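A.B. asks: Sharing query27.cif (mmCIF, C-alpha atoms and all ligand atoms) below.
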```
data_work
loop_
_atom_site.label_atom_id
_atom_site.label_comp_id
_atom_site.auth_asym_id
_atom_site.auth_seq_id
_atom_site.Cartn_x
_atom_site.Cartn_y
_atom_site.Cartn_z
CA MET A 1 36.23 -82.66 7.23
CA LYS A 2 36.23 -79.72 9.65
CA LYS A 3 33.11 -79.57 11.81
CA ASN A 4 31.74 -77.17 14.37
CA ILE A 5 31.31 -79.14 17.58
CA LEU A 6 29.37 -77.86 20.56
CA LEU A 7 30.58 -79.67 23.69
CA GLY A 8 28.34 -79.54 26.74
CA ILE A 9 29.86 -80.42 30.10
CA SER A 10 27.64 -81.25 33.04
CA GLY A 11 28.63 -81.82 36.66
CA GLY A 12 30.78 -84.88 37.29
CA ILE A 13 34.36 -85.80 38.00
CA ALA A 14 34.59 -87.24 34.46
CA ALA A 15 34.74 -83.60 33.31
CA TYR A 16 38.53 -83.99 33.54
CA LYS A 17 38.37 -86.43 30.58
CA SER A 18 36.67 -83.74 28.51
CA CYS A 19 39.86 -81.63 28.62
CA GLU A 20 41.59 -84.38 26.63
CA LEU A 21 38.50 -84.73 24.43
CA VAL A 22 38.67 -81.06 23.42
CA ARG A 23 42.36 -81.51 22.60
CA LEU A 24 41.67 -84.59 20.43
CA LEU A 25 38.75 -82.97 18.59
CA LYS A 26 40.92 -79.91 17.88
CA LYS A 27 43.67 -82.24 16.64
CA GLN A 28 41.13 -83.79 14.22
CA GLY A 29 40.76 -80.25 12.84
CA HIS A 30 37.38 -79.31 14.35
CA ASP A 31 36.23 -76.04 15.88
CA VAL A 32 35.06 -76.72 19.45
CA HIS A 33 32.77 -74.49 21.53
CA VAL A 34 32.26 -75.42 25.17
CA VAL A 35 29.18 -74.89 27.33
CA MET A 36 29.32 -75.82 31.01
CA SER A 37 26.67 -76.24 33.66
CA ARG A 38 27.34 -74.50 36.97
CA ALA A 39 28.01 -77.88 38.61
CA ALA A 40 30.61 -78.68 35.90
CA ALA A 41 32.42 -75.41 36.62
CA GLU A 42 32.86 -76.62 40.24
CA PHE A 43 34.98 -79.51 38.92
CA ILE A 44 37.03 -77.80 36.18
CA GLY A 45 37.40 -74.06 35.66
CA PRO A 46 35.96 -72.62 32.41
CA LEU A 47 39.37 -71.05 31.76
CA THR A 48 40.85 -74.51 31.18
CA PHE A 49 38.33 -75.22 28.40
CA GLN A 50 38.77 -71.73 26.98
CA ALA A 51 42.51 -72.30 26.70
CA LEU A 52 42.11 -75.78 25.18
CA SER A 53 39.33 -74.88 22.71
CA GLY A 54 40.60 -71.42 21.83
CA ASN A 55 37.00 -70.17 22.15
CA PRO A 56 35.04 -68.44 24.93
CA VAL A 57 33.23 -70.81 27.30
CA TYR A 58 29.53 -70.29 28.04
CA THR A 59 27.89 -71.05 31.38
CA ASP A 60 24.89 -68.76 31.62
CA THR A 61 21.60 -68.81 29.71
CA HIS A 62 21.73 -65.04 29.51
CA ASP A 63 25.29 -64.98 28.19
CA GLY A 64 25.15 -62.23 25.59
CA GLY A 65 28.58 -62.92 24.13
CA PHE A 66 27.75 -65.38 21.37
CA GLY A 67 25.89 -63.69 18.53
CA GLY A 68 25.58 -60.52 20.62
CA ASN A 69 21.77 -60.69 20.93
CA GLY A 70 21.62 -62.33 24.38
CA MET A 71 20.46 -65.59 22.82
CA ALA A 72 23.41 -67.89 23.27
CA HIS A 73 20.95 -70.79 23.75
CA ILE A 74 19.79 -70.42 20.14
CA ASN A 75 22.89 -69.14 18.39
CA LEU A 76 25.29 -71.77 19.70
CA THR A 77 23.37 -74.70 18.26
CA ARG A 78 22.57 -72.97 14.98
CA GLN A 79 26.24 -72.86 14.03
CA ALA A 80 27.01 -76.37 15.40
CA ASP A 81 27.15 -79.50 13.25
CA VAL A 82 26.80 -81.68 16.32
CA PHE A 83 26.12 -81.21 20.04
CA LEU A 84 27.89 -83.65 22.36
CA ILE A 85 27.27 -83.64 26.12
CA ALA A 86 30.18 -85.36 27.88
CA PRO A 87 29.98 -86.05 30.72
CA ALA A 88 26.19 -86.16 30.86
CA SER A 89 25.04 -86.48 34.49
CA ALA A 90 21.89 -88.40 35.47
CA ASN A 91 20.31 -85.05 36.33
CA THR A 92 21.05 -83.49 32.92
CA LEU A 93 19.91 -86.63 31.07
CA ALA A 94 16.65 -86.70 33.04
CA LYS A 95 15.96 -83.06 32.26
CA ILE A 96 16.67 -83.46 28.53
CA ALA A 97 14.51 -86.60 28.37
CA CYS A 98 11.62 -84.63 29.91
CA GLY A 99 12.19 -81.45 27.89
CA ILE A 100 13.14 -79.39 30.93
CA ALA A 101 15.26 -76.36 30.03
CA ASP A 102 16.49 -74.68 33.18
CA ASN A 103 20.10 -73.83 32.37
CA LEU A 104 22.10 -73.01 29.25
CA LEU A 105 23.05 -76.64 28.60
CA THR A 106 19.54 -78.08 28.80
CA THR A 107 18.07 -75.07 26.98
CA LEU A 108 20.51 -75.65 24.13
CA ALA A 109 19.47 -79.31 24.01
CA ALA A 110 15.80 -78.29 23.78
CA ALA A 111 16.41 -75.58 21.18
CA ARG A 112 18.90 -77.49 19.01
CA LYS A 113 18.56 -78.22 15.32
CA CYS A 114 21.73 -80.34 15.05
CA PRO A 115 22.17 -84.00 16.14
CA LEU A 116 22.71 -84.56 19.88
CA ALA A 117 24.91 -87.23 21.45
CA VAL A 118 25.43 -87.87 25.16
CA ALA A 119 28.15 -89.68 27.10
CA PRO A 120 26.60 -90.58 30.46
CA ALA A 121 28.85 -90.65 33.55
CA MET A 122 27.54 -91.59 36.95
CA ASN A 123 27.70 -94.03 39.85
CA VAL A 124 26.81 -97.65 39.00
CA GLU A 125 23.63 -97.62 41.12
CA MET A 126 22.52 -94.34 39.54
CA TRP A 127 23.08 -95.87 36.09
CA HIS A 128 20.95 -98.94 36.89
CA ASN A 129 18.25 -96.88 38.61
CA PRO A 130 14.98 -97.57 36.72
CA ALA A 131 14.28 -93.85 36.35
CA ASN A 132 17.67 -93.32 34.70
CA LEU A 133 17.23 -96.33 32.36
CA ARG A 134 13.78 -95.01 31.46
CA HIS A 135 15.32 -91.65 30.55
CA ILE A 136 18.07 -93.31 28.50
CA ALA A 137 15.46 -95.31 26.55
CA ARG A 138 13.46 -92.09 26.01
CA LEU A 139 16.53 -90.24 24.72
CA GLN A 140 17.32 -93.08 22.29
CA ALA A 141 13.72 -93.16 21.10
CA ASP A 142 14.03 -89.42 20.46
CA GLY A 143 16.97 -90.08 18.11
CA ILE A 144 19.69 -89.02 20.53
CA THR A 145 22.92 -91.04 20.34
CA VAL A 146 23.87 -92.50 23.73
CA PHE A 147 27.52 -93.57 24.06
CA GLN A 148 27.31 -96.51 26.45
CA PRO A 149 29.22 -95.95 29.70
CA ALA A 150 32.13 -98.25 30.42
CA GLU A 151 32.60 -100.62 33.35
CA GLY A 152 35.29 -100.31 35.97
CA GLU A 153 36.44 -98.58 39.12
CA GLN A 154 34.51 -95.43 39.87
CA ALA A 155 35.62 -92.22 41.54
CA CYS A 156 33.29 -93.02 44.48
CA GLY A 157 35.22 -96.24 45.15
CA GLU A 158 32.49 -98.55 43.83
CA SER A 159 32.86 -100.59 40.68
CA GLY A 160 30.52 -101.24 37.73
CA THR A 161 28.90 -99.59 34.71
CA GLY A 162 28.80 -95.80 34.68
CA ARG A 163 32.26 -94.56 33.74
CA MET A 164 32.34 -92.07 30.89
CA PRO A 165 34.08 -93.66 27.86
CA GLU A 166 37.67 -92.50 27.46
CA ALA A 167 38.24 -89.32 25.44
CA ALA A 168 40.05 -91.26 22.68
CA GLU A 169 37.02 -93.54 22.27
CA LEU A 170 34.57 -90.62 22.05
CA ALA A 171 36.83 -88.78 19.58
CA ASP A 172 37.02 -91.98 17.51
CA LEU A 173 33.23 -92.55 17.50
CA LEU A 174 31.93 -88.98 17.16
CA PRO A 175 32.65 -88.55 13.41
CA ASP A 176 30.27 -91.49 12.72
CA LEU A 177 27.44 -89.08 13.53
CA TRP A 178 27.89 -87.04 10.37
CA HIS A 179 29.08 -89.84 8.11
CA ALA A 180 26.88 -91.23 5.30
CA LYS A 181 25.80 -94.86 5.87
CA PRO A 182 26.29 -96.71 2.57
CA LEU A 183 27.16 -99.94 4.46
CA ALA A 184 24.17 -99.78 6.83
CA GLU A 185 23.06 -103.25 7.97
CA LYS A 186 26.12 -104.87 6.40
CA LYS A 187 28.38 -107.15 8.45
CA VAL A 188 32.07 -106.82 7.72
CA LEU A 189 34.77 -109.25 8.84
CA MET A 190 38.36 -108.08 8.55
CA THR A 191 41.88 -109.27 9.20
CA ALA A 192 44.65 -106.79 10.01
CA GLY A 193 48.15 -106.46 11.41
CA ALA A 194 51.14 -108.76 11.20
CA THR A 195 51.10 -112.51 11.77
CA PHE A 196 53.80 -114.06 13.95
CA GLU A 197 55.12 -117.55 13.25
CA ALA A 198 56.94 -118.92 16.25
CA ILE A 199 60.42 -120.42 15.90
CA ASP A 200 60.67 -121.18 19.62
CA PRO A 201 58.94 -119.72 22.72
CA VAL A 202 60.72 -116.37 22.39
CA ARG A 203 61.47 -115.91 18.68
CA GLY A 204 59.46 -115.80 15.53
CA ILE A 205 58.97 -114.65 11.96
CA THR A 206 56.88 -111.53 11.50
CA ASN A 207 56.78 -108.43 9.29
CA LEU A 208 56.62 -104.63 9.40
CA SER A 209 52.84 -104.26 9.11
CA SER A 210 51.65 -101.80 11.79
CA GLY A 211 47.93 -102.54 11.40
CA GLN A 212 47.25 -98.83 10.65
CA MET A 213 45.56 -99.54 7.28
CA GLY A 214 43.37 -102.23 8.87
CA ALA A 215 42.42 -99.94 11.76
CA ALA A 216 41.61 -97.08 9.37
CA LEU A 217 39.49 -99.38 7.22
CA ALA A 218 37.66 -100.84 10.22
CA ARG A 219 36.86 -97.28 11.35
CA ALA A 220 35.68 -96.29 7.86
CA CYS A 221 33.41 -99.37 7.62
CA ARG A 222 31.99 -98.65 11.09
CA ALA A 223 31.43 -94.98 10.23
CA ALA A 224 29.65 -96.14 7.05
CA GLY A 225 27.19 -98.05 9.20
CA ALA A 226 28.63 -101.59 9.11
CA GLU A 227 28.94 -103.97 12.04
CA VAL A 228 32.67 -104.70 12.07
CA SER A 229 34.52 -107.76 13.44
CA LEU A 230 38.30 -107.74 13.45
CA ILE A 231 40.67 -110.70 13.64
CA HIS A 232 44.12 -109.25 14.07
CA GLY A 233 47.74 -110.14 14.54
CA GLN A 234 50.29 -107.77 16.03
CA MET A 235 49.17 -104.12 15.80
CA GLN A 236 51.33 -101.08 16.52
CA THR A 237 48.23 -98.91 16.72
CA ALA A 238 45.12 -98.76 18.93
CA LEU A 239 42.15 -100.90 17.94
CA PRO A 240 39.20 -98.81 16.71
CA ALA A 241 36.38 -98.22 19.17
CA GLY A 242 32.93 -99.65 18.54
CA LEU A 243 33.91 -103.03 17.07
CA ALA A 244 31.26 -105.74 17.28
CA TYR A 245 34.01 -108.31 17.94
CA SER A 246 37.79 -108.47 18.05
CA GLU A 247 40.22 -111.33 18.53
CA GLN A 248 43.99 -111.42 18.53
CA THR A 249 45.68 -114.35 16.82
CA GLN A 250 49.31 -115.26 16.20
CA GLY A 251 50.11 -117.39 13.16
CA ALA A 252 48.32 -117.65 9.82
CA ARG A 253 46.67 -120.98 10.65
CA GLU A 254 45.24 -119.60 13.90
CA MET A 255 44.05 -116.50 12.02
CA LEU A 256 42.31 -118.69 9.41
CA ASP A 257 40.55 -120.69 12.17
CA ALA A 258 39.34 -117.49 13.85
CA VAL A 259 38.11 -116.11 10.50
CA LEU A 260 36.20 -119.30 9.66
CA ARG A 261 34.59 -119.36 13.14
CA ARG A 262 33.34 -115.79 12.64
CA LEU A 263 32.41 -115.98 8.94
CA ASN A 264 28.80 -117.07 9.26
CA GLY A 265 26.42 -114.26 8.26
CA GLN A 266 29.16 -111.85 7.11
CA ASP A 267 28.41 -109.84 3.97
CA ILE A 268 31.93 -108.58 3.30
CA PHE A 269 35.40 -109.99 4.08
CA ILE A 270 38.37 -107.61 3.89
CA SER A 271 41.80 -109.20 4.19
CA VAL A 272 44.24 -106.50 5.22
CA ALA A 273 46.55 -108.62 7.39
CA ALA A 274 50.12 -109.09 6.27
CA VAL A 275 50.09 -112.86 6.49
CA ALA A 276 53.33 -114.85 6.55
CA ASP A 277 53.43 -117.24 3.62
CA TYR A 278 55.26 -119.90 5.68
CA HIS A 279 55.31 -121.21 9.22
CA VAL A 280 58.13 -123.02 11.00
CA LYS A 281 57.72 -126.75 10.59
CA ASN A 282 60.32 -127.67 13.22
CA ARG A 283 59.21 -125.13 15.85
CA SER A 284 61.05 -125.82 19.09
CA ARG A 285 59.11 -126.28 22.35
CA HIS A 286 62.05 -124.82 24.25
CA LYS A 287 64.30 -121.87 23.60
CA ILE A 288 66.89 -122.85 21.01
CA LYS A 289 70.39 -122.77 22.52
CA LYS A 290 73.70 -122.38 20.72
CA ASP A 291 75.32 -125.81 20.61
CA GLY A 292 78.89 -124.41 20.60
CA SER A 293 79.74 -125.66 17.11
CA GLY A 294 79.01 -122.29 15.48
CA ALA A 295 76.53 -123.96 13.09
CA PRO A 296 73.25 -122.02 12.83
CA PRO A 297 70.03 -123.87 13.63
CA VAL A 298 68.14 -125.19 10.63
CA ILE A 299 64.68 -123.65 10.35
CA GLU A 300 62.37 -125.65 8.10
CA LEU A 301 59.44 -123.79 6.58
CA ALA A 302 56.08 -125.09 5.41
CA GLN A 303 53.48 -123.19 3.41
CA ASN A 304 50.63 -121.45 5.23
CA PRO A 305 47.03 -121.56 4.03
CA ASP A 306 45.94 -118.55 2.00
CA ILE A 307 43.18 -117.10 4.20
CA LEU A 308 41.71 -114.82 1.56
CA ALA A 309 41.73 -117.44 -1.21
CA THR A 310 40.18 -119.99 1.19
CA VAL A 311 37.31 -117.64 2.09
CA ALA A 312 36.80 -116.52 -1.53
CA ALA A 313 36.52 -120.17 -2.67
CA LEU A 314 33.70 -121.01 -0.25
CA PRO A 315 30.35 -121.70 -1.96
CA ASP A 316 28.57 -118.90 -0.08
CA ALA A 317 31.56 -116.56 0.11
CA PRO A 318 30.98 -112.98 1.22
CA PHE A 319 32.09 -110.11 -1.04
CA CYS A 320 35.90 -110.43 -0.73
CA VAL A 321 38.43 -107.60 -0.79
CA GLY A 322 42.17 -108.22 -0.79
CA PHE A 323 45.33 -106.16 -0.67
CA ALA A 324 48.46 -106.60 -2.75
CA ALA A 325 51.53 -105.29 -1.00
CA GLU A 326 54.09 -104.99 -3.79
CA SER A 327 57.49 -103.43 -4.23
CA GLU A 328 57.51 -103.33 -8.08
CA ASN A 329 55.04 -103.54 -11.00
CA ILE A 330 52.34 -102.79 -8.45
CA VAL A 331 49.29 -102.65 -10.70
CA GLU A 332 50.33 -105.64 -12.87
CA HIS A 333 50.91 -107.81 -9.79
CA GLY A 334 47.67 -106.51 -8.27
CA ARG A 335 45.68 -107.41 -11.38
CA ALA A 336 47.13 -110.94 -11.44
CA LYS A 337 46.58 -111.39 -7.68
CA ARG A 338 42.89 -110.41 -7.95
CA LEU A 339 42.31 -113.08 -10.57
CA LYS A 340 44.44 -115.71 -8.81
CA LYS A 341 42.56 -115.24 -5.53
CA GLY A 342 39.18 -115.07 -7.27
CA ILE A 343 38.05 -111.85 -5.59
CA PRO A 344 35.96 -108.95 -6.95
CA LEU A 345 38.05 -106.09 -5.52
CA LEU A 346 41.78 -105.72 -4.85
CA VAL A 347 43.68 -102.79 -3.39
CA ALA A 348 47.23 -102.60 -4.75
CA ASN A 349 49.80 -100.60 -2.84
CA ASP A 350 53.51 -99.96 -2.73
CA VAL A 351 55.06 -101.43 0.41
CA SER A 352 57.73 -98.71 0.50
CA VAL A 353 55.00 -96.03 0.88
CA ALA A 354 52.61 -97.97 3.10
CA MET A 355 54.30 -100.54 5.35
CA GLY A 356 54.39 -99.28 8.95
CA LYS A 357 53.68 -95.68 7.83
CA PRO A 358 50.66 -93.36 8.27
CA ASP A 359 50.22 -92.72 4.51
CA ASN A 360 49.36 -94.87 1.54
CA GLN A 361 48.99 -94.64 -2.23
CA ILE A 362 46.50 -97.18 -3.55
CA THR A 363 45.06 -98.40 -6.82
CA LEU A 364 41.60 -99.98 -6.69
CA ILE A 365 41.29 -102.87 -9.14
CA ASP A 366 38.00 -104.55 -9.96
CA ALA A 367 36.43 -106.14 -13.03
CA GLU A 368 35.03 -102.83 -14.29
CA ARG A 369 37.82 -100.37 -13.63
CA GLU A 370 41.17 -99.48 -12.13
CA THR A 371 41.40 -96.28 -10.10
CA ALA A 372 44.74 -94.89 -8.94
CA LEU A 373 44.29 -92.56 -5.99
CA PRO A 374 46.72 -89.81 -5.06
CA ALA A 375 49.00 -90.45 -2.08
CA GLY A 376 47.32 -89.47 1.20
CA SER A 377 46.48 -90.61 4.70
CA LYS A 378 45.40 -94.19 5.36
CA ALA A 379 42.08 -92.72 6.60
CA ALA A 380 41.53 -91.11 3.16
CA ALA A 381 42.50 -94.37 1.40
CA ALA A 382 40.06 -96.26 3.65
CA GLU A 383 37.23 -93.85 2.71
CA ALA A 384 37.88 -94.48 -0.99
CA ILE A 385 37.95 -98.26 -0.50
CA VAL A 386 34.67 -98.19 1.45
CA ALA A 387 33.04 -96.01 -1.23
CA ARG A 388 33.97 -98.57 -3.92
CA ILE A 389 32.87 -101.52 -1.77
CA ALA A 390 29.53 -99.75 -1.21
CA GLU A 391 29.10 -99.22 -4.97
CA LEU A 392 29.96 -102.81 -5.82
CA THR A 393 27.75 -104.34 -3.11
CA ALA A 394 24.76 -102.00 -3.50
CA ALA A 395 21.51 -103.69 -4.41
CA PRO A 396 20.55 -102.89 -8.01
CA PRO A 397 17.82 -100.22 -8.38
CA ALA A 398 14.27 -101.60 -8.19
CA SER A 399 13.64 -100.96 -11.93
CA GLU A 400 16.60 -103.22 -12.90
CA THR A 401 15.45 -105.94 -10.47
CA GLU A 402 11.98 -105.93 -12.03
CA ALA A 403 13.40 -106.13 -15.55
CA VAL A 404 15.33 -109.34 -14.74
N1 LIG B 501 46.71 -113.28 2.28
C1 LIG B 501 46.06 -114.22 3.04
N2 LIG B 501 46.69 -115.34 3.44
C2 LIG B 501 47.98 -115.58 3.09
C3 LIG B 501 48.68 -114.61 2.31
C4 LIG B 501 48.01 -113.48 1.93
O1 LIG B 501 44.88 -114.01 3.36
N3 LIG B 501 48.57 -116.67 3.50
C5 LIG B 501 45.98 -112.08 1.82
C6 LIG B 501 46.48 -110.76 2.34
O2 LIG B 501 45.79 -110.36 3.50
C7 LIG B 501 46.19 -109.82 1.18
C8 LIG B 501 46.32 -110.70 -0.04
O3 LIG B 501 46.15 -112.04 0.43
O4 LIG B 501 44.86 -109.35 1.19
C9 LIG B 501 47.62 -110.59 -0.75
O5 LIG B 501 48.69 -110.71 0.16
P1 LIG B 501 50.20 -110.51 -0.32
O6 LIG B 501 51.10 -110.75 0.84
O7 LIG B 501 50.33 -109.23 -1.09
O8 LIG B 501 50.38 -111.62 -1.41
P2 LIG B 501 50.51 -113.18 -1.36
O9 LIG B 501 49.16 -113.76 -1.60
O10 LIG B 501 51.20 -113.62 -0.12
O11 LIG B 501 51.39 -113.44 -2.65
P3 LIG B 501 52.97 -113.14 -2.90
O12 LIG B 501 53.66 -113.38 -1.58
O13 LIG B 501 53.32 -114.12 -3.92
O14 LIG B 501 53.07 -111.73 -3.38
#
```
Could you render the structure as structure tokens?

C.D. replies:
Amino acid sequence: MKKNILLGISGGIAAYKSCELVRLLKKQGHDVHVVMSRAAAEFIGPLTFQALSGNPVYTDTHDGGFGGNGMAHINLTRQADVFLIAPASANTLAKIACGIADNLLTTLAAARKCPLAVAPAMNVEMWHNPANLRHIARLQADGITVFQPAEGEQACGESGTGRMPEAAELADLLPDLWHAKPLAEKKVLMTAGATFEAIDPVRGITNLSSGQMGAALARACRAAGAEVSLIHGQMQTALPAGLAYSEQTQGAREMLDAVLRRLNGQDIFISVAAVADYHVKNRSRHKIKKDGSGAPPVIELAQNPDILATVAALPDAPFCVGFAAESENIVEHGRAKRLKKGIPLLVANDVSVAMGKPDNQITLIDAERETALPAGSKAAAAEAIVARIAELTAAPPASETEAV
């Protein structure tokens, strides 16, 4: 959904990352308006942000351009859905925490009506300075979202916490700010990607799953307020930002172990991984060599555990969601698979549309209804799946509870 994003840039070398951020937010379809402090304009010229955003850049409190009444500090936030300050310097954060409004950026923060998020960027000692931590706590208490700075090498040559999160991470997390939270306080455990069953140290059996559906679903659950843990095989796509936990596994048996270790306290389990049905029984410790006879090696297969069915059969199983990747009779196979695995919700899809591709066409199958969705992006499919999970896991209204 297209949003109007006001991006504030305060003084710091991390301002260079905000160029990429503007590009990514534009790519997501949003309208971006940039406001810079004077110190920020020393690092990157306003013209750069004007070219990237396609909108004029504001630096002065008395800029008359926006709205034409000389009140850019009011007008700019009135038309914004969200105000993000990235990078947010220690100085700017301190001023906002104390309500000081002495430049366009801090005046906008004070006068805003829309939600405010900040991405701090500063030297590690500045970050740990008690005054700064006090201001961060104050901002959070005031309902301002603080994107935690990352650890690593800093521009000053020191190392530690204080780096502004990468632009891709901020662009991934920002939409959570305007998303409804039907899965608030829920814990979701997911599997995603392709398993890999080793034949020898260099070869194995895998499949074409790219992990894109799993990544989209993890993002949608996170945006809906859930705490998301992801156990994944091979992924051809970046892991979503903001996961509570992630672990990479190889074969199905290793994936099952990781799932069972993480299962305690989970409310929902979503099995998106394309799991190999068999592993290699006679896996070779060393690389298999041709023996010169021309006879191919014999690969013996043994059945893998069914991760989803194992979890669903546990006495205190979470709400389980499975996928059925089919190439024919999609809904019929999906229906049968839901019952066979003993799960409340199954997502049936056509492998030819979905496998390794950005789009999907899904049918949601549960005990009450079957809903075929039009073909669309995996992000749109993920939204629909989350909406149905939220409906099916919602606590019954108080009146119904009393009647029981
Ligand atoms: N699944 C699993 N463990 C397995 C196989 C599948 O957890 N060993 C999960 C998948 O993540 C998916 C669902 O079960 O959510 C269905 O997977 P799919 O590959 O479509 O079907 P299978 O159960 O393997 O059945 P079949 O191969 O007969 O179609």

A.B. asks: Which residues are near ligand LIG 501 (chain B) in this structure, taking near to mean any atom at most 9 Å from a ligand atom and counting only C-alpha atoms and all ligand atoms? Format them as number ranges by chain.

C.D. replies: A: 191-192, 252-253, 256, 270-278, 303-311, 321-326, 333-334, 337-338, 340-341, 346-349

A.B. asks: For Ile136 in chain A, please output as an mmCIF file with C-alpha atoms, in the coordinates of the input all residues within 9 Å (counting only C-alpha atoms; exclusion window: fewer than 5 positions along the same chain).

C.D. replies:
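Generated output (part.cif):
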```
data_model
loop_
_atom_site.group_PDB
_atom_site.id
_atom_site.type_symbol
_atom_site.label_atom_id
_atom_site.label_comp_id
_atom_site.auth_asym_id
_atom_site.auth_seq_id
_atom_site.Cartn_x
_atom_site.Cartn_y
_atom_site.Cartn_z
ATOM 1 C CA LEU A 93 19.910 -86.630 31.070
ATOM 2 C CA ALA A 94 16.650 -86.700 33.040
ATOM 3 C CA ALA A 97 14.510 -86.600 28.370
ATOM 4 C CA ALA A 131 14.280 -93.850 36.350
ATOM 5 C CA ALA A 141 13.720 -93.160 21.100
ATOM 6 C CA VAL A 146 23.870 -92.500 23.730
#
```

A.B. asks: Identify, on the basis of all atoms listed in the file, every residue whose closest approach to range 290-297 of chain A does not exceed 12 Å; exclude the query and any residue fewer than 6 positions from it along the same chain; express the result as a list in words.

C.D. replies: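 These residues fall inside the cut-off: Ile199, Asp200, Asn282, Arg283 and Ser284 of chain A.
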
A.B. asks: Between A:Thr106, A:Ala382, A:Gly8, A:Ala15, single out the one closest to Arg219 in chain A, counting all atoms listed in the file.

C.D. replies: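 Checking each of A:Thr106, A:Ala382, A:Gly8, A:Ala15 against Arg219 in chain A, counting all atoms listed in the file, the winner is A:Ala382.
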
A.B. asks: Which residue gives the smallest distance to Pro240 in chain A among A:His179, A:Arg222, A:Lys287, A:Arg163, with all atoms listed in the file counted?

C.D. replies: A:Arg222

A.B. asks: Between CA of Gly54 in chain A and CA of Val32 in chain A, what is the spacing in Å?

C.D. replies: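 For CA of Val32 in chain A relative to CA of Gly54 in chain A, the distance reads 8.0 Å.
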
A.B. asks: In Å, how far is it from CA of Ile85 in chain A to CA of Thr59 in chain A?

C.D. replies: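 Separation between CA of Ile85 in chain A and CA of Thr59 in chain A: 13.7 Å.
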
A.B. asks: Using all atoms listed in the file, pick whichever of A:Ala381, A:Pro149, A:Arg369, A:Asn75 has the shortest atom-to-atom distance to Ala215 in chain A.

C.D. replies: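 Looking at the shortest contact to Ala215 in chain A, the residue is A:Ala381.
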
A.B. asks: Restore all heavy atoms in range 348-352 of chain A and list the result as a PDB file, in the coordinates of the input.

C.D. replies:
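Written file, part00.pdb:
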```
ATOM      1  N   ALA A 348      45.780-102.417  -4.546  1.00  0.00           N
ATOM      2  CA  ALA A 348      47.230-102.600  -4.750  1.00  0.00           C
ATOM      3  C   ALA A 348      47.953-101.421  -4.125  1.00  0.00           C
ATOM      4  O   ALA A 348      47.541-100.264  -4.288  1.00  0.00           O
ATOM      5  CB  ALA A 348      47.534-102.687  -6.233  1.00  0.00           C
ATOM      6  N   ASN A 349      49.006-101.711  -3.379  1.00  0.00           N
ATOM      7  CA  ASN A 349      49.800-100.600  -2.840  1.00  0.00           C
ATOM      8  C   ASN A 349      51.278-100.936  -2.798  1.00  0.00           C
ATOM      9  O   ASN A 349      51.673-102.094  -2.861  1.00  0.00           O
ATOM     10  CB  ASN A 349      49.272-100.116  -1.485  1.00  0.00           C
ATOM     11  CG  ASN A 349      49.301-101.181  -0.419  1.00  0.00           C
ATOM     12  OD1 ASN A 349      49.750-102.288  -0.648  1.00  0.00           O
ATOM     13  ND2 ASN A 349      48.812-100.848   0.749  1.00  0.00           N
ATOM     14  N   ASP A 350      52.059 -99.848  -2.711  1.00  0.00           N
ATOM     15  CA  ASP A 350      53.510 -99.960  -2.730  1.00  0.00           C
ATOM     16  C   ASP A 350      53.995-100.090  -1.283  1.00  0.00           C
ATOM     17  O   ASP A 350      53.766 -99.200  -0.474  1.00  0.00           O
ATOM     18  CB  ASP A 350      54.054 -98.669  -3.381  1.00  0.00           C
ATOM     19  CG  ASP A 350      55.554 -98.696  -3.539  1.00  0.00           C
ATOM     20  OD1 ASP A 350      56.212 -99.467  -2.822  1.00  0.00           O
ATOM     21  OD2 ASP A 350      56.060 -97.933  -4.390  1.00  0.00           O
ATOM     22  N   VAL A 351      54.640-101.210  -0.980  1.00  0.00           N
ATOM     23  CA  VAL A 351      55.060-101.430   0.410  1.00  0.00           C
ATOM     24  C   VAL A 351      55.976-100.321   0.927  1.00  0.00           C
ATOM     25  O   VAL A 351      55.940 -99.979   2.102  1.00  0.00           O
ATOM     26  CB  VAL A 351      55.803-102.778   0.607  1.00  0.00           C
ATOM     27  CG1 VAL A 351      54.831-103.896   0.770  1.00  0.00           C
ATOM     28  CG2 VAL A 351      56.795-103.053  -0.493  1.00  0.00           C
ATOM     29  N   SER A 352      56.774 -99.734   0.038  1.00  0.00           N
ATOM     30  CA  SER A 352      57.730 -98.710   0.500  1.00  0.00           C
ATOM     31  C   SER A 352      56.997 -97.453   0.983  1.00  0.00           C
ATOM     32  O   SER A 352      57.492 -96.712   1.814  1.00  0.00           O
ATOM     33  CB  SER A 352      58.731 -98.363  -0.588  1.00  0.00           C
ATOM     34  OG  SER A 352      58.062 -97.728  -1.647  1.00  0.00           O
TER      35      SER A 352
END
```
